[in-house]
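Containing CSV, C-alpha atoms and all ligand atoms: run.csv.
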chain,number,residue,atom,x,y,z
L,1367,MET,CA,-6.8,-13.1,21.7
L,1368,HIS,CA,-9.4,-10.7,20.6
L,1369,HIS,CA,-11.4,-12.1,17.7
L,1370,LEU,CA,-13.7,-9.7,16.0
L,1371,THR,CA,-15.7,-10.1,12.8
L,1372,VAL,CA,-16.6,-7.6,10.0
L,1373,SER,CA,-20.0,-9.0,9.0
L,1374,LEU,CA,-20.5,-8.6,5.2
L,1375,ALA,CA,-22.3,-11.8,4.2
L,1376,GLN,CA,-20.0,-13.9,1.9
L,1377,ARG,CA,-17.2,-11.3,2.3
L,1378,SER,CA,-17.2,-11.4,6.2
L,1379,TYR,CA,-13.8,-11.6,7.7
L,1380,PRO,CA,-12.0,-11.9,11.0
L,1381,ILE,CA,-9.8,-9.4,12.8
L,1382,LEU,CA,-7.4,-11.2,15.1
L,1383,ILE,CA,-5.6,-9.1,17.7
L,1384,GLU,CA,-2.9,-10.8,19.8
L,1385,ARG,CA,0.7,-10.4,20.8
L,1386,GLY,CA,3.1,-12.6,18.8
L,1387,LEU,CA,0.7,-13.4,15.9
L,1388,LEU,CA,3.5,-13.1,13.4
L,1389,HIS,CA,5.1,-16.1,15.0
L,1390,ARG,CA,2.1,-18.2,14.4
L,1391,PRO,CA,2.6,-18.9,10.6
L,1392,GLU,CA,-0.3,-21.4,10.4
L,1393,LEU,CA,-2.7,-18.5,10.9
L,1394,LEU,CA,-1.5,-16.7,7.8
L,1395,ARG,CA,-0.9,-19.9,5.8
L,1396,ALA,CA,-4.5,-21.0,6.3
L,1397,GLN,CA,-5.7,-17.8,4.6
L,1398,ILE,CA,-3.8,-18.4,1.3
L,1399,LYS,CA,-5.6,-20.3,-1.4
L,1400,GLY,CA,-3.5,-20.3,-4.5
L,1401,ARG,CA,0.2,-20.8,-5.2
L,1402,HIS,CA,1.3,-17.2,-5.7
L,1403,VAL,CA,1.8,-14.6,-3.1
L,1404,LEU,CA,3.0,-11.0,-3.4
L,1405,ILE,CA,4.1,-9.3,-0.2
L,1406,VAL,CA,4.2,-5.5,-0.2
L,1407,SER,CA,6.1,-3.7,2.5
L,1408,ASP,CA,8.3,-0.7,3.1
L,1409,GLN,CA,12.0,-0.1,3.9
L,1410,HIS,CA,11.3,0.5,7.6
L,1411,VAL,CA,9.1,-2.6,8.2
L,1412,ALA,CA,10.6,-5.2,5.9
L,1413,PRO,CA,13.9,-5.6,7.7
L,1414,LEU,CA,12.0,-6.2,11.0
L,1415,TYR,CA,9.1,-8.5,10.0
L,1416,LEU,CA,9.4,-9.7,6.4
L,1417,ASP,CA,11.3,-12.9,7.3
L,1418,ALA,CA,8.8,-13.9,9.9
L,1419,VAL,CA,6.0,-13.5,7.4
L,1420,ARG,CA,7.8,-15.4,4.7
L,1421,ALA,CA,8.7,-18.2,7.1
L,1422,GLY,CA,5.3,-19.7,7.0
L,1423,LEU,CA,5.0,-19.5,3.2
L,1424,ALA,CA,8.0,-21.7,2.2
L,1425,ASP,CA,5.8,-24.0,0.0
L,1426,LEU,CA,4.6,-21.2,-2.2
L,1427,VAL,CA,5.9,-18.9,-4.9
L,1428,VAL,CA,6.5,-15.7,-3.0
L,1429,GLU,CA,7.6,-12.3,-4.4
L,1430,CYS,CA,8.2,-9.2,-2.3
L,1431,CYS,CA,8.0,-5.6,-3.2
L,1432,VAL,CA,9.7,-3.3,-0.7
L,1433,ILE,CA,9.2,0.4,-1.3
L,1434,PRO,CA,10.4,3.5,0.5
L,1435,ALA,CA,8.3,4.5,3.5
L,1436,GLY,CA,5.9,7.5,3.6
L,1437,GLU,CA,2.6,8.9,2.2
L,1438,ARG,CA,4.4,10.2,-0.9
L,1439,GLU,CA,4.8,6.6,-2.1
L,1440,LYS,CA,1.0,6.0,-2.2
L,1441,ASN,CA,0.8,7.0,-5.8
L,1442,LEU,CA,-0.1,5.8,-9.3
L,1443,ASP,CA,3.5,5.0,-10.2
L,1444,ARG,CA,3.8,2.6,-7.2
L,1445,PHE,CA,0.4,1.1,-8.2
L,1446,GLY,CA,1.8,0.6,-11.7
L,1447,GLN,CA,4.9,-1.1,-10.4
L,1448,LEU,CA,2.7,-3.6,-8.5
L,1449,MET,CA,0.7,-4.3,-11.6
L,1450,HIS,CA,3.9,-5.0,-13.6
L,1451,MET,CA,5.2,-7.3,-10.9
L,1452,LEU,CA,2.0,-9.3,-10.9
L,1453,ALA,CA,2.2,-9.6,-14.7
L,1454,ALA,CA,5.9,-10.7,-14.4
L,1455,MET,CA,4.8,-13.3,-11.8
L,1456,LYS,CA,2.2,-14.5,-14.2
L,1457,ALA,CA,-0.2,-14.2,-11.3
L,1458,SER,CA,-3.6,-15.6,-11.9
L,1459,ARG,CA,-6.9,-14.9,-10.1
L,1460,ASP,CA,-5.8,-17.1,-7.2
L,1461,VAL,CA,-2.9,-14.9,-6.2
L,1462,THR,CA,-2.9,-13.4,-2.7
L,1463,LEU,CA,-1.4,-10.0,-1.9
L,1464,ILE,CA,-0.2,-9.3,1.6
L,1465,ALA,CA,0.1,-5.8,3.0
L,1466,LEU,CA,2.8,-5.8,5.7
L,1467,GLY,CA,3.1,-2.2,7.1
L,1468,GLY,CA,1.1,0.9,7.8
L,1469,GLY,CA,-1.7,2.7,6.1
L,1470,VAL,CA,0.2,3.6,3.0
L,1471,ILE,CA,1.1,0.0,2.4
L,1472,GLY,CA,-2.4,-1.3,3.2
L,1473,ASP,CA,-4.2,1.2,0.9
L,1474,LEU,CA,-1.7,0.7,-2.0
L,1475,THR,CA,-1.7,-3.1,-1.7
L,1476,GLY,CA,-5.5,-3.2,-1.3
L,1477,PHE,CA,-6.0,-1.1,-4.4
L,1478,ALA,CA,-3.6,-3.3,-6.4
L,1479,ALA,CA,-5.6,-6.3,-5.2
L,1480,ALA,CA,-8.9,-4.6,-6.2
L,1481,CYS,CA,-7.6,-4.0,-9.7
L,1482,TRP,CA,-5.5,-7.0,-10.6
L,1483,MET,CA,-7.7,-9.1,-12.9
L,1484,ARG,CA,-10.7,-7.1,-11.4
L,1485,GLY,CA,-10.1,-8.3,-7.9
L,1486,VAL,CA,-8.0,-10.8,-6.0
L,1487,ARG,CA,-7.6,-11.8,-2.4
L,1488,PHE,CA,-5.5,-9.7,0.0
L,1489,ILE,CA,-4.5,-9.9,3.7
L,1490,GLN,CA,-3.8,-7.0,6.0
L,1491,ILE,CA,-0.9,-7.3,8.5
L,1492,PRO,CA,-0.9,-3.8,10.0
L,1493,THR,CA,2.3,-2.8,11.8
L,1494,THR,CA,1.4,0.7,12.8
L,1495,LEU,CA,-1.2,1.7,15.4
L,1496,LEU,CA,-3.1,3.8,12.8
L,1497,ALA,CA,-3.3,0.8,10.4
L,1498,MET,CA,-4.4,-1.5,13.3
L,1499,VAL,CA,-7.2,0.7,14.6
L,1500,ASP,CA,-8.4,2.1,11.3
L,1501,SER,CA,-7.0,1.7,7.8
L,1502,SER,CA,-6.6,-2.1,7.7
L,1503,VAL,CA,-10.3,-2.6,8.5
L,1504,GLY,CA,-13.2,-1.7,6.2
L,1505,GLY,CA,-11.8,-2.1,2.7
L,1506,LYS,CA,-11.1,1.5,1.7
L,1507,THR,CA,-8.2,1.2,-0.7
L,1508,ALA,CA,-6.6,4.0,-2.7
L,1509,VAL,CA,-3.7,6.0,-4.0
L,1510,ASP,CA,-3.3,9.8,-3.8
L,1511,LEU,CA,-3.1,12.4,-6.5
L,1512,PRO,CA,-1.2,15.7,-6.2
L,1513,GLN,CA,-4.7,17.2,-6.4
L,1514,GLY,CA,-6.1,15.3,-3.4
L,1515,LYS,CA,-5.9,12.3,-1.0
L,1516,ASN,CA,-7.3,8.9,-1.9
L,1517,LEU,CA,-8.9,10.2,-5.1
L,1518,VAL,CA,-8.3,7.0,-7.0
L,1519,GLY,CA,-9.5,3.9,-5.2
L,1520,ALA,CA,-11.9,1.2,-4.7
L,1521,PHE,CA,-13.8,-0.6,-1.9
L,1522,HIS,CA,-12.2,-4.0,-1.6
L,1523,GLN,CA,-12.4,-5.9,1.6
L,1524,PRO,CA,-9.4,-7.9,2.9
L,1525,ALA,CA,-9.7,-11.7,3.6
L,1526,THR,CA,-8.5,-11.2,7.1
L,1527,VAL,CA,-6.7,-8.7,9.3
L,1528,LEU,CA,-3.9,-10.0,11.5
L,1529,ILE,CA,-2.8,-7.6,14.2
L,1530,ASP,CA,0.3,-8.5,16.1
L,1531,THR,CA,0.5,-5.9,18.8
L,1532,ASP,CA,4.2,-6.8,19.5
L,1533,THR,CA,5.1,-4.9,16.3
L,1534,LEU,CA,4.2,-1.7,18.1
L,1535,ALA,CA,7.4,-2.1,20.1
L,1536,THR,CA,9.4,-0.9,17.0
L,1537,LEU,CA,7.1,1.9,16.1
L,1538,PRO,CA,8.5,5.5,16.4
L,1539,ALA,CA,6.7,7.5,19.1
L,1540,ARG,CA,5.5,10.0,16.6
L,1541,GLU,CA,3.6,7.2,14.7
L,1542,VAL,CA,2.1,5.9,18.0
L,1543,ARG,CA,0.7,9.4,18.6
L,1544,ALA,CA,-0.6,9.7,15.1
L,1545,GLY,CA,-2.4,6.4,15.5
L,1546,LEU,CA,-4.0,7.6,18.8
L,1547,ALA,CA,-5.6,10.4,16.9
L,1548,GLU,CA,-7.8,7.9,15.0
L,1549,VAL,CA,-8.6,6.1,18.3
L,1550,VAL,CA,-9.7,9.5,19.8
L,1551,LYS,CA,-11.9,9.9,16.7
L,1552,TYR,CA,-14.1,6.8,17.6
L,1553,GLY,CA,-14.8,8.4,21.0
L,1554,ALA,CA,-15.4,11.8,19.5
L,1555,ILE,CA,-17.9,10.6,16.9
L,1556,PHE,CA,-19.7,7.6,18.6
L,1557,ASP,CA,-18.8,7.0,22.2
L,1558,ALA,CA,-18.4,9.6,24.9
L,1559,GLU,CA,-17.7,6.9,27.5
L,1560,PHE,CA,-14.8,5.6,25.4
L,1561,PHE,CA,-13.6,9.2,25.1
L,1562,ALA,CA,-13.6,9.5,28.9
L,1563,TRP,CA,-11.7,6.2,29.2
L,1564,LEU,CA,-9.1,7.6,26.8
L,1565,GLU,CA,-8.8,10.7,28.9
L,1566,GLN,CA,-8.1,8.5,32.0
L,1567,HIS,CA,-5.6,6.3,30.2
L,1568,ALA,CA,-3.7,8.9,28.1
L,1569,GLU,CA,-0.3,8.2,29.8
L,1570,SER,CA,-0.7,4.4,29.5
L,1571,LEU,CA,-1.6,4.7,25.9
L,1572,LEU,CA,1.5,6.8,25.1
L,1573,ALA,CA,3.6,4.3,27.0
L,1574,LEU,CA,2.0,1.5,25.0
L,1575,ASP,CA,0.9,-0.4,28.2
L,1576,PRO,CA,0.1,-3.8,26.6
L,1577,GLY,CA,-3.3,-4.3,28.3
L,1578,VAL,CA,-4.5,-0.7,27.7
L,1579,ILE,CA,-3.3,-0.5,24.1
L,1580,ALA,CA,-4.9,-3.9,23.3
L,1581,GLU,CA,-8.2,-2.7,24.7
L,1582,ALA,CA,-8.0,0.6,22.7
L,1583,ILE,CA,-7.3,-1.3,19.5
L,1584,ALA,CA,-10.1,-3.8,20.1
L,1585,ARG,CA,-12.6,-1.1,21.0
L,1586,SER,CA,-11.6,0.9,17.9
L,1587,CYS,CA,-11.8,-2.1,15.6
L,1588,GLN,CA,-15.2,-3.0,17.1
L,1589,HIS,CA,-16.6,0.4,16.3
L,1590,LYS,CA,-15.2,0.3,12.8
L,1591,ALA,CA,-16.4,-3.2,12.1
L,1592,GLU,CA,-20.0,-2.2,13.2
L,1593,VAL,CA,-20.2,0.8,11.0
L,1594,VAL,CA,-18.6,-0.9,8.0
L,1595,ALA,CA,-21.1,-3.8,8.4
L,1596,ARG,CA,-24.0,-1.3,8.4
L,1597,ASP,CA,-22.7,0.9,5.5
L,1598,GLU,CA,-19.9,-0.7,3.5
L,1599,THR,CA,-19.7,1.8,0.7
L,1600,GLU,CA,-20.3,5.0,2.7
L,1601,GLN,CA,-23.9,5.8,1.6
L,1602,GLY,CA,-24.8,6.8,5.1
L,1603,ASP,CA,-23.2,6.8,8.5
L,1604,ARG,CA,-19.8,5.4,7.5
L,1605,ALA,CA,-19.1,9.0,6.5
L,1606,LEU,CA,-18.9,9.8,10.2
L,1607,LEU,CA,-15.5,8.0,10.2
L,1608,ASN,CA,-14.4,11.0,8.2
L,1609,PHE,CA,-14.6,13.4,11.2
L,1610,GLY,CA,-11.6,15.7,10.9
L,1611,HIS,CA,-10.7,14.3,7.5
L,1612,THR,CA,-12.0,17.0,5.2
L,1613,PHE,CA,-9.8,19.5,6.9
L,1614,GLY,CA,-7.0,16.9,7.5
L,1615,HIS,CA,-6.8,15.8,3.9
L,1616,ALA,CA,-6.6,19.4,2.8
L,1617,ILE,CA,-3.7,20.0,5.1
L,1618,GLU,CA,-1.9,16.8,3.8
L,1619,THR,CA,-2.5,17.8,0.2
L,1620,ALA,CA,-1.5,21.4,0.6
L,1621,ASP,CA,1.7,20.1,2.3
L,1622,GLY,CA,2.5,17.8,-0.7
L,1623,TYR,CA,2.0,14.7,1.6
L,1624,GLY,CA,5.4,15.5,3.2
L,1625,GLY,CA,4.3,17.5,6.3
L,1626,LEU,CA,2.1,16.2,9.1
L,1627,LEU,CA,1.4,12.4,9.2
L,1628,HIS,CA,-2.2,11.4,8.4
L,1629,GLY,CA,-3.2,11.0,12.0
L,1630,GLU,CA,-1.6,14.3,13.0
L,1631,ALA,CA,-3.5,16.1,10.2
L,1632,VAL,CA,-6.7,14.4,11.4
L,1633,ALA,CA,-6.0,15.6,15.0
L,1634,VAL,CA,-5.9,19.2,13.7
L,1635,GLY,CA,-8.9,18.5,11.5
L,1636,MET,CA,-11.0,17.1,14.3
L,1637,LEU,CA,-10.3,20.2,16.4
L,1638,LEU,CA,-11.3,22.5,13.5
L,1639,ALA,CA,-14.5,20.5,13.1
L,1640,ALA,CA,-15.2,20.8,16.8
L,1641,ASP,CA,-14.4,24.6,16.7
L,1642,LEU,CA,-16.8,25.0,13.7
L,1643,SER,CA,-19.5,23.0,15.5
L,1644,ALA,CA,-19.1,25.3,18.5
L,1645,HIS,CA,-19.2,28.5,16.4
L,1646,LEU,CA,-22.4,27.3,14.6
L,1647,GLY,CA,-24.0,26.8,18.0
L,1648,LEU,CA,-24.2,23.0,17.5
L,1649,ALA,CA,-21.8,21.8,20.2
L,1650,THR,CA,-20.3,23.7,23.2
L,1651,GLN,CA,-17.0,25.6,23.5
L,1652,ALA,CA,-16.3,23.4,26.6
L,1653,GLU,CA,-16.6,20.2,24.4
L,1654,PHE,CA,-14.2,21.8,21.8
L,1655,GLU,CA,-11.7,22.6,24.7
L,1656,ARG,CA,-12.0,19.0,26.1
L,1657,LEU,CA,-11.1,17.6,22.7
L,1658,GLY,CA,-8.2,20.0,22.4
L,1659,GLN,CA,-7.0,19.0,25.9
L,1660,LEU,CA,-7.0,15.3,25.1
L,1661,LEU,CA,-5.1,15.8,21.8
L,1662,GLN,CA,-2.6,17.9,23.7
L,1663,CYS,CA,-2.2,15.3,26.4
L,1664,LEU,CA,-1.5,12.8,23.6
L,1665,GLN,CA,1.1,15.3,22.2
L,1666,LEU,CA,-0.7,15.7,19.0
L,1667,PRO,CA,-0.7,19.0,16.9
L,1668,THR,CA,-3.8,21.1,17.4
L,1669,ARG,CA,-3.2,23.9,15.0
L,1670,VAL,CA,-3.0,24.3,11.2
L,1671,PRO,CA,0.8,24.3,10.4
L,1672,ASP,CA,2.3,27.7,9.8
L,1673,GLY,CA,2.6,28.7,6.1
L,1674,LEU,CA,-0.7,27.0,5.0
L,1675,GLN,CA,-3.2,29.5,3.8
L,1676,ALA,CA,-6.8,29.2,4.7
L,1677,SER,CA,-7.9,29.9,1.2
L,1678,GLU,CA,-5.7,27.2,-0.2
L,1679,LEU,CA,-7.0,24.7,2.3
L,1680,LEU,CA,-10.6,25.6,1.3
L,1681,ARG,CA,-9.7,25.1,-2.3
L,1682,HIS,CA,-8.6,21.5,-1.5
L,1683,MET,CA,-11.7,20.9,0.5
L,1684,ARG,CA,-13.8,21.6,-2.6
L,1685,LEU,CA,-12.4,18.3,-4.1
L,1686,ASP,CA,-13.4,16.2,-1.1
L,1687,LYS,CA,-15.2,12.9,-2.0
L,1688,LYS,CA,-18.1,13.6,0.3
L,1689,ASN,CA,-19.1,16.8,-1.5
L,1690,VAL,CA,-22.4,16.8,-3.4
L,1691,SER,CA,-23.4,19.2,-6.1
L,1692,GLY,CA,-20.4,21.4,-5.5
L,1693,GLN,CA,-21.3,21.8,-1.7
L,1694,ILE,CA,-18.8,20.9,1.0
L,1695,ARG,CA,-20.2,18.3,3.3
L,1696,LEU,CA,-18.5,18.2,6.7
L,1697,ILE,CA,-18.8,15.8,9.7
L,1698,LEU,CA,-19.7,18.0,12.7
L,1699,TRP,CA,-20.7,17.6,16.3
L,1700,ARG,CA,-24.1,17.8,18.0
L,1701,ALA,CA,-22.1,17.0,21.1
L,1702,LEU,CA,-19.0,15.1,22.0
L,1703,GLY,CA,-19.7,11.5,21.0
L,1704,GLN,CA,-22.5,12.5,18.6
L,1705,ALA,CA,-21.2,13.4,15.1
L,1706,PHE,CA,-23.5,13.9,12.1
L,1707,VAL,CA,-23.1,14.7,8.4
L,1708,ALA,CA,-23.7,18.5,7.9
L,1709,PRO,CA,-24.5,19.4,4.3
L,1710,GLY,CA,-24.2,22.9,3.0
L,1711,VAL,CA,-22.0,24.6,5.6
L,1712,GLU,CA,-21.4,28.2,4.3
L,1713,GLU,CA,-17.9,28.5,2.9
L,1714,THR,CA,-17.4,31.8,4.7
L,1715,GLU,CA,-17.9,29.9,8.0
L,1716,ILE,CA,-15.4,27.3,6.9
L,1717,LEU,CA,-12.9,30.0,5.9
L,1718,ARG,CA,-13.2,31.7,9.2
L,1719,CYS,CA,-12.7,28.5,11.0
L,1720,LEU,CA,-9.5,27.8,9.0
L,1721,GLU,CA,-8.3,31.3,9.8
L,1722,ARG,CA,-8.8,30.7,13.5
L,1723,GLY,CA,-6.6,27.6,12.9
L,1724,GLY,CA,-7.7,25.3,15.7
L,1725,ALA,CA,-6.6,25.5,19.4
L,1726,ALA,CA,-5.8,28.8,20.9
L,1727,ARG,CA,-2.1,29.5,20.8
L,1728,GLY,CA,0.1,29.3,23.9
N,1,LIG,O1,-12.9,3.9,6.8
N,1,LIG,C1,-13.4,5.0,6.6
N,1,LIG,O2,-14.5,5.1,6.1
N,1,LIG,C2,-12.7,6.2,7.0
N,1,LIG,O3,-13.1,7.3,6.6
N,1,LIG,C3,-11.5,6.1,7.8
N,1,LIG,C4,-10.4,7.2,7.7
N,1,LIG,O4,-9.8,7.3,8.9
N,1,LIG,C5,-9.4,6.8,6.6
N,1,LIG,O5,-8.4,7.8,6.7
N,1,LIG,C6,-9.9,6.7,5.2
N,1,LIG,O6,-9.0,6.2,4.3
N,1,LIG,C7,-10.4,8.1,4.6
N,1,LIG,O7,-11.1,7.8,3.5
N,1,LIG,P1,-11.6,8.9,2.4
N,1,LIG,O8,-12.8,8.2,1.8
N,1,LIG,O9,-11.9,10.1,3.1
N,1,LIG,O10,-10.5,9.0,1.5
N,2,ZN,ZN,-8.0,8.5,8.7
Would you mind giving the structure from this file in structure tokens?
Amino acid sequence: MHHLTVSLAQRSYPILIERGLLHRPELLRAQIKGRHVLIVSDQHVAPLYLDAVRAGLADLVVECCVIPAGEREKNLDRFGQLMHMLAAMKASRDVTLIALGGGVIGDLTGFAAACWMRGVRFIQIPTTLLAMVDSSVGGKTAVDLPQGKNLVGAFHQPATVLIDTDTLATLPAREVRAGLAEVVKYGAIFDAEFFAWLEQHAESLLALDPGVIAEAIARSCQHKAEVVARDETEQGDRALLNFGHTFGHAIETADGYGGLLHGEAVAVGMLLAADLSAHLGLATQAEFERLGQLLQCLQLPTRVPDGLQASELLRHMRLDKKNVSGQIRLILWRALGQAFVAPGVEETEILRCLERGGAARG
């Protein structure tokens, strides 16, 4: 078992990574303090794992909310539905919410936990690779608006993160690839050695080789835990985790959250950020190409989808949460493995980058 810690004084919490964790009900039960539990899941995940999670909670009052899958469900209406369910349960401050699913379920459930009675306990049980390596850790919770991703949210840390890597066996291949984009991100921003390891293990990662994928998850969670412990609310270098996201979120928003998956949009966004870094003379063209090659090996998209206009994407980027005084702040590269926050990049440069669209065609 990998046992990591997110160190945040009284709000520190463990990340447990192990095959078969869902069949160790005592681990989950030990994390629940009160009598009431609300499990939130989606229609893909619930039929597979809800019974296993419920099995260990037989002595408690457990309600379940199962919603359709997909980013379009991460909205204020679903948030309202959870608030009304908690009211109907007469849930008090000792209720525990459990997020059983991917990033959408984790972000939505975490936001509901942050808001119900101004904050209650919640547990992350991520079942997608993307949620395991990224969104279940660090306490960013949110819902989307049509105007932009994650615009309504809160920082609210989970009480624990339970990662059962066996759940990856039922994950569609496209979702595996989308999760790998966020794994590549850690190498790209912090750790050139990890990036090289990913290049060497691309095939085993795609094949979900148990040892290789467990190591990739643990190394990703370790990077995330360290940066969150240093900068919980993104006043400084936590923003580096947003590499590729200013572009990626604009793509997701422009597509009405129904096009590329989040990880796929981040893959395109990372390549745009690398391209812009190279064009600004900050990083090299060779580094940009190396990132493109790894993303292509992992069968991730590397170009802005056809039909999305550069000017429209730029308009969405103007509502990014990192912006200050109306200026777009981007995460760019000094070199592969060395990202930094770049304030005040000229919009004309960003527009040209969007028009180039990422990797060369063909
Ligand atoms: O945890 C973070 O910090 C991140 O930026 C991780 C991202 O991969 C994640 O997609 C996050 O939800 C984006 O947050 P946002 O603040 O850009 O909405
Ligand atoms: Zn992300």
Exercise. Give me the residues within 12 Å of Asp1425 in chain L as number ranges by chain, counting all atoms listed in the file and dropping any in the same chain fewer than 2 places off.
Key: L: 1395, 1398, 1400-1403, 1420-1423, 1427-1428
Could the residues in this selection be saved with C-alpha atoms as a PDB file, keeping the file's coordinate frame?
ATOM      1  CA  ARG L1395      -0.900 -19.900   5.800  1.00  0.00           C
ATOM      2  CA  ILE L1398      -3.800 -18.400   1.300  1.00  0.00           C
ATOM      3  CA  GLY L1400      -3.500 -20.300  -4.500  1.00  0.00           C
ATOM      4  CA  ARG L1401       0.200 -20.800  -5.200  1.00  0.00           C
ATOM      5  CA  HIS L1402       1.300 -17.200  -5.700  1.00  0.00           C
ATOM      6  CA  VAL L1403       1.800 -14.600  -3.100  1.00  0.00           C
ATOM      7  CA  ARG L1420       7.800 -15.400   4.700  1.00  0.00           C
ATOM      8  CA  ALA L1421       8.700 -18.200   7.100  1.00  0.00           C
ATOM      9  CA  GLY L1422       5.300 -19.700   7.000  1.00  0.00           C
ATOM     10  CA  LEU L1423       5.000 -19.500   3.200  1.00  0.00           C
ATOM     11  CA  VAL L1427       5.900 -18.900  -4.900  1.00  0.00           C
ATOM     12  CA  VAL L1428       6.500 -15.700  -3.000  1.00  0.00           C
TER      13      VAL L1428
END
Per-residue nearest contacts range 1553-1616 of chain L to range 1519-1538 of chain L, cut-off 10 Å, using all atoms listed in the file, as a Markdown table:
| residue | atom | partner | partner_atom | distance |
| --- | --- | --- | --- | --- |
| L:Leu1574 | CA | L:Leu1534 | CA | 7.9 |
| L:Pro1576 | CA | L:Thr1531 | CA | 8.1 |
| L:Ile1579 | CA | L:Thr1531 | CA | 8.5 |
| L:Ala1580 | CA | L:Thr1531 | CA | 7.3 |
| L:Ile1583 | CA | L:Thr1531 | CA | 9.1 |
| L:Glu1598 | CA | L:Phe1521 | CA | 8.1 |
| L:Thr1599 | CA | L:Phe1521 | CA | 6.9 |
| L:Glu1600 | CA | L:Phe1521 | CA | 9.7 |
Quiz item: So, counting only C-alpha atoms and all ligand atoms, which residue among L:Val1470, L:Val1372, L:Leu1698, L:Leu1571 is closest to ligand ZN 2 (chain N)?
Solution: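 Among the listed residues, L:Val1470 lies closest to ligand ZN 2 (chain N).
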Exercise. Within 7 Å of ligand ZN 2 (chain N), which residues show up when you count all atoms listed in the file? List them as number ranges by chain, please.
Key: L: 1500-1501, 1548, 1608, 1611, 1628-1629, 1632
Produce a file of the selected residues containing C-alpha atoms, as a PDB file, in the frame of the given file.
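The resulting out.pdb:
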ATOM      1  CA  ASP L1500      -8.400   2.100  11.300  1.00  0.00           C
ATOM      2  CA  SER L1501      -7.000   1.700   7.800  1.00  0.00           C
ATOM      3  CA  GLU L1548      -7.800   7.900  15.000  1.00  0.00           C
ATOM      4  CA  ASN L1608     -14.400  11.000   8.200  1.00  0.00           C
ATOM      5  CA  HIS L1611     -10.700  14.300   7.500  1.00  0.00           C
ATOM      6  CA  HIS L1628      -2.200  11.400   8.400  1.00  0.00           C
ATOM      7  CA  GLY L1629      -3.200  11.000  12.000  1.00  0.00           C
ATOM      8  CA  VAL L1632      -6.700  14.400  11.400  1.00  0.00           C
TER       9      VAL L1632
END
Exercise. Using all atoms listed in the file, find the one residue out of L:Ala1457, L:Ile1381, L:Leu1387, L:Leu1660 that sits nearest to Lys1590 in chain L.
Key: L:Ile1381
Quiz item: Counting only C-alpha atoms and all ligand atoms, what residues are within 8 Å of ligand LIG 1 (chain N), given as a VMD selection string?
Solution: chain L and resid 1473 1500 to 1501 1503 to 1508 1515 to 1517 1548 1590 1594 1600 1604 to 1609 1611 to 1612 1615 1628 1686 to 1688
Self-check item: Atomic distance CA of Glu1592 in chain L - CA of Trp1699 in chain L, expressed in Å with one decimal
Solution: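 These two atoms are separated by 20.1 Å.
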Self-check item: Point-to-point distance from CA of Gln1490 in chain L to CA of Gln1601 in chain L, Å rounded to tenths
Solution: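 Between CA of Gln1490 in chain L and CA of Gln1601 in chain L the gap works out to 24.2 Å.
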Quiz prompt | Atomic separation - CA of Ala1568 in chain L relative to CA of Ser1643 in chain L, Å | solution = 24.6 Å
Quiz item: From the set L:Ile1405, L:Leu1496, L:Leu1474, L:Ala1725, which residue has the shortest atom-to-atom contact distance to Ser1586 in chain L, counting only C-alpha atoms?
Solution: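 Looking only at the distances to Ser1586 in chain L, the closest residue turns out to be L:Leu1496.
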Quiz item: Which neighbours of Gln1651 in chain L fall inside 9 Å, counting all atoms listed in the file, when residues of the same chain fewer than 5 positions from it are skipped, and could you give them as a PyMOL selection string?
Solution: chain L and resi 1640-1641+1643-1645+1656
Quiz prompt | Option closest in space to Glu1392 in chain L, from L:Val1419, L:Gly1468, L:Thr1493, L:Gly1658 [counting only C-alpha atoms] | solution =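 Among the listed residues, the smallest separation from Glu1392 in chain L belongs to L:Val1419.
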Practice problem: Pull the neighbourhood of (-13.3, 8.1, 25.4) for me: all residues within 12 Å in file coordinates, counting all atoms listed in the file, as number ranges by chain. | Solution: L: 1546-1568, 1581-1582, 1585-1586, 1656-1657, 1660-1661, 1702-1703
Practice problem: Counting only C-alpha atoms, figure out which residue out of L:Asp1575, L:Glu1429, L:Glu1384, L:Glu1541 gets nearest to His1368 in chain L. | Solution: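 Once distances to His1368 in chain L are computed over only C-alpha atoms, the minimum belongs to L:Glu1384.
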Practice problem: Find the residues near Leu1685 in chain L: any atom within 9 Å, counting only C-alpha atoms, skip ones fewer than 2 places away on the same chain, and give them as a PyMOL selection string. | Solution: chain L and resi 1513-1514+1517+1681-1683+1687-1689+1692+1694
Quiz item: Which residues, written as a ChimeraX atom specification, have at least one atom at most 8 Å from Leu1416 in chain L, with only C-alpha atoms counted and residues fewer than 5 positions away on the same chain left out?
Solution: /L:1407,1411,1466
Produce a file of the selected residues containing C-alpha atoms, as a short mmCIF file (atom, residue, chain, number, x, y, z; two decimals), in the coordinates of the input.
data_model
loop_
_atom_site.label_atom_id
_atom_site.label_comp_id
_atom_site.auth_asym_id
_atom_site.auth_seq_id
_atom_site.Cartn_x
_atom_site.Cartn_y
_atom_site.Cartn_z
CA SER L 1407 6.10 -3.70 2.50
CA VAL L 1411 9.10 -2.60 8.20
CA LEU L 1466 2.80 -5.80 5.70
#
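The nearest approach to Ser1502 in chain L among the residues L:Phe1488, L:Tyr1415, L:Phe1654, L:Trp1482, with only C-alpha atoms taken into account, belongs to L:Phe1488.
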